[in-house]
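**Student:** upload.tsv is reproduced in full below (TSV, C-alpha atoms).
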```tsv
chain	number	residue	atom	x	y	z
A	1110	MET	CA	-97.95	78.75	4.80
A	1111	VAL	CA	-99.50	75.29	5.09
A	1112	ILE	CA	-97.11	72.56	6.18
A	1113	ASN	CA	-98.50	69.08	5.67
A	1114	LYS	CA	-97.41	65.92	7.49
A	1115	ASN	CA	-94.76	65.03	4.91
A	1116	LYS	CA	-93.15	68.46	5.16
A	1117	ARG	CA	-93.20	68.30	8.95
A	1118	PHE	CA	-91.51	64.91	8.78
A	1119	TYR	CA	-88.67	66.20	6.60
A	1120	ILE	CA	-88.21	69.29	8.76
A	1121	TYR	CA	-88.00	67.02	11.79
A	1122	LEU	CA	-85.39	64.84	10.05
A	1123	PHE	CA	-83.37	67.94	9.20
A	1124	CYS	CA	-83.37	68.96	12.87
A	1125	ILE	CA	-82.11	65.51	13.82
A	1126	PHE	CA	-79.42	65.88	11.16
A	1127	THR	CA	-78.23	69.08	12.86
A	1128	LEU	CA	-77.70	67.06	16.06
A	1129	PHE	CA	-75.35	64.72	14.21
A	1130	ILE	CA	-73.46	67.75	12.86
A	1131	SER	CA	-73.20	69.05	16.41
A	1132	TYR	CA	-71.84	65.66	17.49
A	1133	LEU	CA	-69.15	65.78	14.81
A	1134	LEU	CA	-68.22	69.33	15.81
A	1135	GLY	CA	-68.30	68.56	19.54
A	1136	GLU	CA	-70.86	71.26	20.31
A	1137	ASN	CA	-70.86	72.38	23.95
A	1138	SER	CA	-73.12	75.42	23.73
A	1139	SER	CA	-74.43	74.97	27.29
A	1140	GLY	CA	-70.89	75.41	28.58
A	1141	GLY	CA	-70.91	72.57	31.11
A	1142	SER	CA	-71.96	69.33	29.42
A	1143	LYS	CA	-68.50	68.45	28.14
A	1144	LEU	CA	-67.01	68.89	31.60
A	1145	ASP	CA	-69.85	66.88	33.15
A	1146	ASN	CA	-69.13	64.07	30.71
A	1147	ILE	CA	-65.44	64.07	31.66
A	1148	ILE	CA	-66.14	64.18	35.40
A	1149	THR	CA	-68.75	61.40	35.35
A	1150	LEU	CA	-66.60	59.11	33.22
A	1151	GLN	CA	-65.02	57.77	36.42
A	1152	TYR	CA	-68.42	56.53	37.62
A	1153	VAL	CA	-69.11	54.74	34.36
A	1154	GLU	CA	-65.70	53.05	34.50
A	1155	ASN	CA	-66.21	51.88	38.07
A	1156	PHE	CA	-69.66	50.48	37.33
A	1157	LYS	CA	-67.99	48.23	34.76
A	1158	TYR	CA	-66.52	46.31	37.72
A	1159	GLY	CA	-70.01	45.55	39.02
A	1160	PHE	CA	-73.03	47.34	40.45
A	1161	SER	CA	-72.01	47.03	44.12
A	1162	TYR	CA	-68.45	48.21	43.51
A	1163	GLY	CA	-69.57	51.09	41.31
A	1164	LEU	CA	-72.23	52.11	43.82
A	1165	ASN	CA	-69.73	52.16	46.68
A	1166	TYR	CA	-67.40	54.34	44.62
A	1167	PHE	CA	-70.26	56.64	43.61
A	1168	ILE	CA	-71.45	57.16	47.18
A	1169	ASN	CA	-67.93	57.61	48.47
A	1170	SER	CA	-67.49	60.40	45.91
A	1171	GLN	CA	-70.33	62.20	47.72
A	1172	GLN	CA	-72.44	62.56	44.60
A	1173	ILE	CA	-75.97	63.81	45.12
A	1174	HIS	CA	-77.29	62.65	41.74
A	1175	SER	CA	-78.71	59.23	40.94
A	1176	PRO	CA	-76.17	56.58	39.82
A	1177	ILE	CA	-78.63	54.73	37.55
A	1178	PHE	CA	-77.68	56.49	34.31
A	1179	TYR	CA	-73.98	55.76	34.78
A	1180	PHE	CA	-74.71	52.13	35.58
A	1181	LEU	CA	-76.84	51.77	32.44
A	1182	LYS	CA	-74.15	53.44	30.34
A	1183	ALA	CA	-71.50	51.12	31.80
A	1184	ARG	CA	-73.62	48.04	30.98
A	1185	PHE	CA	-74.06	49.30	27.41
A	1186	LEU	CA	-70.35	49.95	26.95
A	1187	LEU	CA	-69.50	46.42	28.07
A	1188	VAL	CA	-71.19	45.07	24.93
A	1189	SER	CA	-70.62	48.00	22.59
A	1190	ASN	CA	-68.46	51.13	22.32
A	1191	GLU	CA	-68.63	54.83	23.13
A	1192	GLU	CA	-69.37	55.95	19.56
A	1193	ILE	CA	-72.40	53.67	19.15
A	1194	PHE	CA	-73.68	54.74	22.57
A	1195	SER	CA	-73.32	58.42	21.61
A	1196	LEU	CA	-75.15	57.97	18.32
A	1197	ALA	CA	-77.92	55.97	20.01
A	1198	TYR	CA	-78.23	58.71	22.62
A	1199	LEU	CA	-78.57	61.32	19.88
A	1200	LEU	CA	-81.50	59.39	18.45
A	1201	LEU	CA	-83.09	58.98	21.88
A	1202	SER	CA	-82.71	62.70	22.50
A	1203	SER	CA	-84.38	63.49	19.17
A	1204	LEU	CA	-87.53	61.76	20.47
A	1205	ILE	CA	-88.06	64.53	23.04
A	1206	PRO	CA	-89.39	67.11	20.53
A	1207	LEU	CA	-91.48	64.39	18.87
A	1208	PHE	CA	-93.23	63.34	22.08
A	1209	PHE	CA	-93.54	66.96	23.13
A	1210	TYR	CA	-95.37	67.65	19.86
A	1211	LYS	CA	-97.64	64.65	20.41
A	1212	THR	CA	-98.30	65.88	23.95
A	1213	LEU	CA	-99.20	69.35	22.73
A	1214	LYS	CA	-101.62	67.84	20.21
A	1215	LYS	CA	-103.28	65.90	23.03
A	1216	LYS	CA	-103.53	69.00	25.18
A	1217	PHE	CA	-104.79	71.32	22.42
A	1218	ILE	CA	-106.85	68.80	20.55
A	1219	ASN	CA	-109.29	71.41	19.22
A	1220	LEU	CA	-106.59	73.61	17.72
A	1221	GLN	CA	-106.94	73.47	13.94
A	1222	ASN	CA	-103.50	74.77	13.00
A	1223	LYS	CA	-101.12	72.03	14.20
A	1224	ASN	CA	-98.19	73.88	12.62
A	1225	ILE	CA	-98.11	76.19	15.63
A	1226	LEU	CA	-97.63	73.24	17.97
A	1227	PHE	CA	-95.07	71.73	15.62
A	1228	ALA	CA	-93.07	74.98	15.58
A	1229	ILE	CA	-93.16	75.16	19.39
A	1230	SER	CA	-91.86	71.59	19.70
A	1231	LEU	CA	-89.00	72.35	17.30
A	1232	LEU	CA	-87.79	75.10	19.62
A	1233	ILE	CA	-86.32	72.31	21.77
A	1234	PHE	CA	-83.74	71.71	19.05
A	1235	LEU	CA	-82.52	75.28	19.64
A	1236	SER	CA	-81.91	74.72	23.35
A	1237	PRO	CA	-78.17	74.71	24.16
A	1238	TYR	CA	-78.78	72.37	27.10
A	1239	PHE	CA	-80.74	69.90	25.00
A	1240	ARG	CA	-78.13	69.89	22.23
A	1241	SER	CA	-75.15	69.66	24.58
A	1242	SER	CA	-76.73	66.85	26.58
A	1243	ALA	CA	-77.41	64.97	23.34
A	1244	VAL	CA	-73.81	65.40	22.16
A	1245	TRP	CA	-72.06	64.72	25.48
A	1246	THR	CA	-74.47	62.03	26.74
A	1247	THR	CA	-75.36	63.61	30.07
A	1248	ASN	CA	-78.33	62.19	31.94
A	1249	ASP	CA	-80.53	65.28	31.43
A	1250	ASN	CA	-82.06	64.26	28.11
A	1251	LEU	CA	-82.90	60.69	29.10
A	1252	ALA	CA	-84.76	61.91	32.18
A	1253	LEU	CA	-86.49	64.62	30.15
A	1254	LEU	CA	-87.58	62.06	27.54
A	1255	PHE	CA	-89.21	59.94	30.24
A	1256	VAL	CA	-90.95	63.02	31.67
A	1257	VAL	CA	-92.35	64.07	28.29
A	1258	ILE	CA	-93.63	60.53	27.62
A	1259	SER	CA	-95.12	60.54	31.11
A	1260	LEU	CA	-96.93	63.81	30.40
A	1261	TYR	CA	-98.25	62.41	27.12
A	1262	PHE	CA	-99.91	59.49	28.90
A	1263	PHE	CA	-100.95	61.70	31.81
A	1264	ILE	CA	-102.87	64.03	29.49
A	1265	SER	CA	-104.27	61.00	27.65
A	1266	SER	CA	-105.76	59.80	30.94
A	1267	PHE	CA	-108.03	62.87	30.93
A	1268	SER	CA	-109.50	61.95	27.56
A	1269	LYS	CA	-112.95	60.47	27.06
A	1270	LEU	CA	-111.52	57.03	26.37
A	1271	LYS	CA	-112.22	54.17	28.76
A	1272	LYS	CA	-108.54	53.41	29.41
A	1273	LYS	CA	-108.05	56.30	31.85
A	1274	SER	CA	-106.53	54.21	34.63
A	1275	TYR	CA	-104.26	52.41	32.13
A	1276	TYR	CA	-102.89	55.67	30.69
A	1277	TYR	CA	-102.47	57.12	34.16
A	1278	PHE	CA	-100.54	54.09	35.37
A	1279	ILE	CA	-98.22	54.24	32.34
A	1280	SER	CA	-97.61	57.92	33.05
A	1281	ILE	CA	-96.66	57.07	36.64
A	1282	LEU	CA	-94.24	54.37	35.44
A	1283	PHE	CA	-92.40	56.79	33.16
A	1284	LEU	CA	-92.34	59.42	35.90
A	1285	ILE	CA	-90.71	56.90	38.24
A	1286	MET	CA	-88.17	56.04	35.52
A	1287	ALA	CA	-87.40	59.74	35.08
A	1288	SER	CA	-87.00	60.15	38.84
A	1289	TYR	CA	-84.49	57.31	38.95
A	1290	ILE	CA	-82.38	59.28	36.47
A	1291	ARG	CA	-82.97	62.76	37.94
A	1292	GLN	CA	-84.47	62.78	41.44
A	1293	ASN	CA	-85.98	66.26	41.16
A	1294	TYR	CA	-88.70	64.98	38.82
A	1295	SER	CA	-90.17	62.94	41.68
A	1296	LEU	CA	-91.87	66.17	42.87
A	1297	LEU	CA	-94.25	65.82	39.92
A	1298	PHE	CA	-95.70	62.76	41.64
A	1299	ILE	CA	-97.49	65.07	44.10
A	1300	PHE	CA	-99.16	66.93	41.24
A	1301	TYR	CA	-100.09	63.64	39.53
A	1302	ILE	CA	-101.76	62.28	42.65
A	1303	ILE	CA	-103.71	65.50	43.23
A	1304	LYS	CA	-105.01	65.47	39.66
A	1305	SER	CA	-105.82	61.75	39.85
A	1306	PHE	CA	-108.80	62.53	42.09
A	1307	GLU	CA	-110.43	64.17	39.07
A	1308	ILE	CA	-110.39	61.07	36.86
A	1309	LEU	CA	-109.91	57.92	38.93
A	1310	GLU	CA	-111.81	56.02	41.54
A	1311	ARG	CA	-110.44	56.15	45.09
A	1312	LYS	CA	-109.65	52.43	45.11
A	1313	THR	CA	-107.67	52.75	41.88
A	1314	ILE	CA	-105.70	55.65	43.32
A	1315	ILE	CA	-104.78	53.59	46.38
A	1316	TYR	CA	-103.61	50.71	44.19
A	1317	ILE	CA	-101.45	53.03	42.09
A	1318	ILE	CA	-99.91	54.65	45.18
A	1319	LEU	CA	-99.05	51.25	46.64
A	1320	ILE	CA	-97.51	50.06	43.36
A	1321	SER	CA	-95.56	53.32	43.08
A	1322	LEU	CA	-94.18	52.88	46.59
A	1323	LEU	CA	-93.16	49.33	45.71
A	1324	LEU	CA	-91.36	50.49	42.56
A	1325	SER	CA	-89.70	53.25	44.58
A	1326	PHE	CA	-88.37	50.79	47.16
A	1327	PRO	CA	-84.91	50.47	45.49
A	1328	ALA	CA	-84.51	54.24	45.91
A	1329	LEU	CA	-85.14	53.86	49.65
A	1330	LEU	CA	-82.53	51.10	49.77
A	1331	TYR	CA	-80.12	53.46	48.02
A	1332	VAL	CA	-80.65	56.10	50.71
A	1333	LYS	CA	-80.09	53.41	53.34
A	1334	LYS	CA	-76.88	52.41	51.56
A	1335	ILE	CA	-75.62	55.99	51.71
A	1336	TYR	CA	-76.03	56.09	55.48
A	1337	GLU	CA	-74.36	52.70	55.86
A	1338	LEU	CA	-71.28	53.51	53.81
A	1339	GLY	CA	-70.81	57.05	55.00
A	1340	SER	CA	-68.18	59.27	53.45
A	1341	ASN	CA	-65.00	57.55	54.68
A	1342	LEU	CA	-65.24	54.32	52.69
A	1343	SER	CA	-61.91	53.29	51.17
A	1344	ILE	CA	-62.12	52.16	47.56
A	1345	ILE	CA	-59.96	49.21	46.55
A	1346	ARG	CA	-60.08	48.30	42.87
A	1347	PRO	CA	-60.52	44.54	42.35
A	1348	ASP	CA	-57.95	42.63	40.36
```
Could I get this structure in the form of C-alpha cells?
**Tutor:**
Amino acid sequence: MVINKNKRFYIYLFCIFTLFISYLLGENSSGGSKLDNIITLQYVENFKYGFSYGLNYFINSQQIHSPIFYFLKARFLLVSNEEIFSLAYLLLSSLIPLFFYKTLKKKFINLQNKNILFAISLLIFLSPYFRSSAVWTTNDNLALLFVVISLYFFISSFSKLKKKSYYYFISILFLIMASYIRQNYSLLFIFYIIKSFEILERKTIIYIILISLLLSFPALLYVKKIYELGSNLSIIRPD
C-alpha cells in the first residue's frame, strides 16, 4: 500500500492524539514514571526558591542525576501551571518520532520506499517508556529529543553539502544539551570526535573540542559543588 505525505501526516497526528488520551487516562505502562514524577516533585518545588537553594537541596539528597530538568520545570511553573507544562511536554515528546524519521531519511537517502522508515519511526509511539515519560514529564524524553536532533545534524554533516562543519557543530550543541539533562549521553561525544576525523579539518576539530569544553564548564562547576557541600548539608527553607 502506498502512503503519501498527506496520509503520513494524518497518521502522525493520530499517534500524537493517542498521547493525549494516555495523559487523560494517566498511563504508566513503564511502571516507574509515575513514581519518578512524585519523587522528583520535591526538587522542582525547591528550585522555585532559587537555583542555589534548589541545587543545595538536590545535592544534599544525594541524587546522581542532573538537576537541570527540574530547574527548568520549576522556572516554567513559576509563570504557568502543571497542566500547561504537561501538555507542552506531550507535544515536545511527539517530536522524537518526527526527528527520528527525518534522521532515518538522511541515513538511508537512497531508499525509495520511505514508508518503511516512517513505520519504524512510529514504533516509538508504542514504547511504554516513551509514553510514560511523555505523560508523567520525566526527563527521559527531553534528553532523547536532543539526542535525536543531534544525530540528525551529525548525519547531515556527512553529506556532500559545504556546511559540514556547521552541521557538526550544531550536532555537538544538541548532544551537550542532552548530556545536561541525562549525563550518560555524554559518552556519545567520544564517538562524535572519532568520526569527525573523517569529515573535518584538524584545526576545525580542535576549535570544536575547545568550544565543547567551554560549554561543559558549568558541569565541572557542578561536580566541584558536590564535593564542597558534601552529604551533611542542613537544608533550611527560606521565609
**Student:** Choose the residue, out of A:Asn1165, A:Ser1280, A:Asn1113, A:Asn1250, that has the smallest atom-to-atom separation from Asn1224 in chain A; count all atoms listed in the file.
**Tutor:**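 Counting all atoms listed in the file, the residue closest to Asn1224 in chain A is A:Asn1113.
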**Student:** For Leu1297 in chain A, which of A:Ile1317, A:Thr1247, A:Leu1122, A:Ser1259 is the closest residue, counting only C-alpha atoms?
**Tutor:**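 So, comparing all the options, the nearest one is A:Ser1259.
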**Student:** Counting only C-alpha atoms, figure out which residue out of A:Val1256, A:Leu1186, A:Tyr1158, A:Ile1130 gets nearest to Tyr1289 in chain A.
**Tutor:**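 Closest residue, counting only C-alpha atoms: A:Val1256.
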**Student:** Which one of A:Val1332, A:Leu1309, A:Ile1281, A:Leu1231 sits closest to Phe1123 in chain A if you count only C-alpha atoms?
**Tutor:**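 When distances to Phe1123 in chain A are compared using only C-alpha atoms, the smallest one comes from A:Leu1231.
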**Student:** Restricting the calculation to all atoms listed in the file: of A:Ala1183, A:Thr1313, A:Leu1226, A:Ile1318, which residue gets closest to Tyr1275 in chain A?
**Tutor:**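 Going through A:Ala1183, A:Thr1313, A:Leu1226, A:Ile1318 one by one, the smallest distance to Tyr1275 in chain A is for A:Thr1313.
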**Student:** Name the closest residue to Gly1159 in chain A among the candidates A:Lys1214, A:Ile1112, A:Leu1187, A:Phe1178; distances are taken between atoms, counting all atoms listed in the file.
**Tutor:**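 Ranked by minimum distance to Gly1159 in chain A, first place goes to A:Leu1187.
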**Student:** Report, in Å to a single decimal, how far apart CA of Tyr1121 in chain A and CA of Thr1246 in chain A are.
**Tutor:**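 CA of Tyr1121 in chain A lies 20.8 Å from CA of Thr1246 in chain A.
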**Student:** One decimal, in Å: what's the spacing between CA of Ser1236 in chain A and CA of Leu1128 in chain A?
**Tutor:**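 Pair CA of Ser1236 in chain A / CA of Leu1128 in chain A returns 11.4 Å.
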**Student:** Just the number, please: distance in Å from CA of Lys1273 in chain A to CA of Tyr1301 in chain A, one decimal.
**Tutor:** 13.3 Å
**Student:** Using all atoms listed in the file, what residues lie at most 12 Å away from (-108.7, 50.2, 33.8) (file coordinates), given as a PDB file with C-alpha atoms, in the coordinates of the input?
**Tutor:**
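Wrote out_17.pdb, looks like this:
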```pdb
ATOM      1  CA  SER A1266    -105.760  59.800  30.940  1.00  0.00           C
ATOM      2  CA  LEU A1270    -111.520  57.030  26.370  1.00  0.00           C
ATOM      3  CA  LYS A1271    -112.220  54.170  28.760  1.00  0.00           C
ATOM      4  CA  LYS A1272    -108.540  53.410  29.410  1.00  0.00           C
ATOM      5  CA  LYS A1273    -108.050  56.300  31.850  1.00  0.00           C
ATOM      6  CA  SER A1274    -106.530  54.210  34.630  1.00  0.00           C
ATOM      7  CA  TYR A1275    -104.260  52.410  32.130  1.00  0.00           C
ATOM      8  CA  TYR A1276    -102.890  55.670  30.690  1.00  0.00           C
ATOM      9  CA  TYR A1277    -102.470  57.120  34.160  1.00  0.00           C
ATOM     10  CA  PHE A1278    -100.540  54.090  35.370  1.00  0.00           C
ATOM     11  CA  ILE A1279     -98.220  54.240  32.340  1.00  0.00           C
ATOM     12  CA  ILE A1308    -110.390  61.070  36.860  1.00  0.00           C
ATOM     13  CA  LEU A1309    -109.910  57.920  38.930  1.00  0.00           C
ATOM     14  CA  GLU A1310    -111.810  56.020  41.540  1.00  0.00           C
ATOM     15  CA  LYS A1312    -109.650  52.430  45.110  1.00  0.00           C
ATOM     16  CA  THR A1313    -107.670  52.750  41.880  1.00  0.00           C
ATOM     17  CA  ILE A1314    -105.700  55.650  43.320  1.00  0.00           C
ATOM     18  CA  TYR A1316    -103.610  50.710  44.190  1.00  0.00           C
ATOM     19  CA  ILE A1317    -101.450  53.030  42.090  1.00  0.00           C
TER      20      ILE A1317
END
```
**Student:** So which residues touch Lys1157 in chain A within 10 Å, counting all atoms listed in the file, skipping near sequence neighbours fewer than 3 positions away, as a VMD selection string?
**Tutor:** chain A and resid 1152 to 1154 1160 1162 to 1163 1179 to 1187
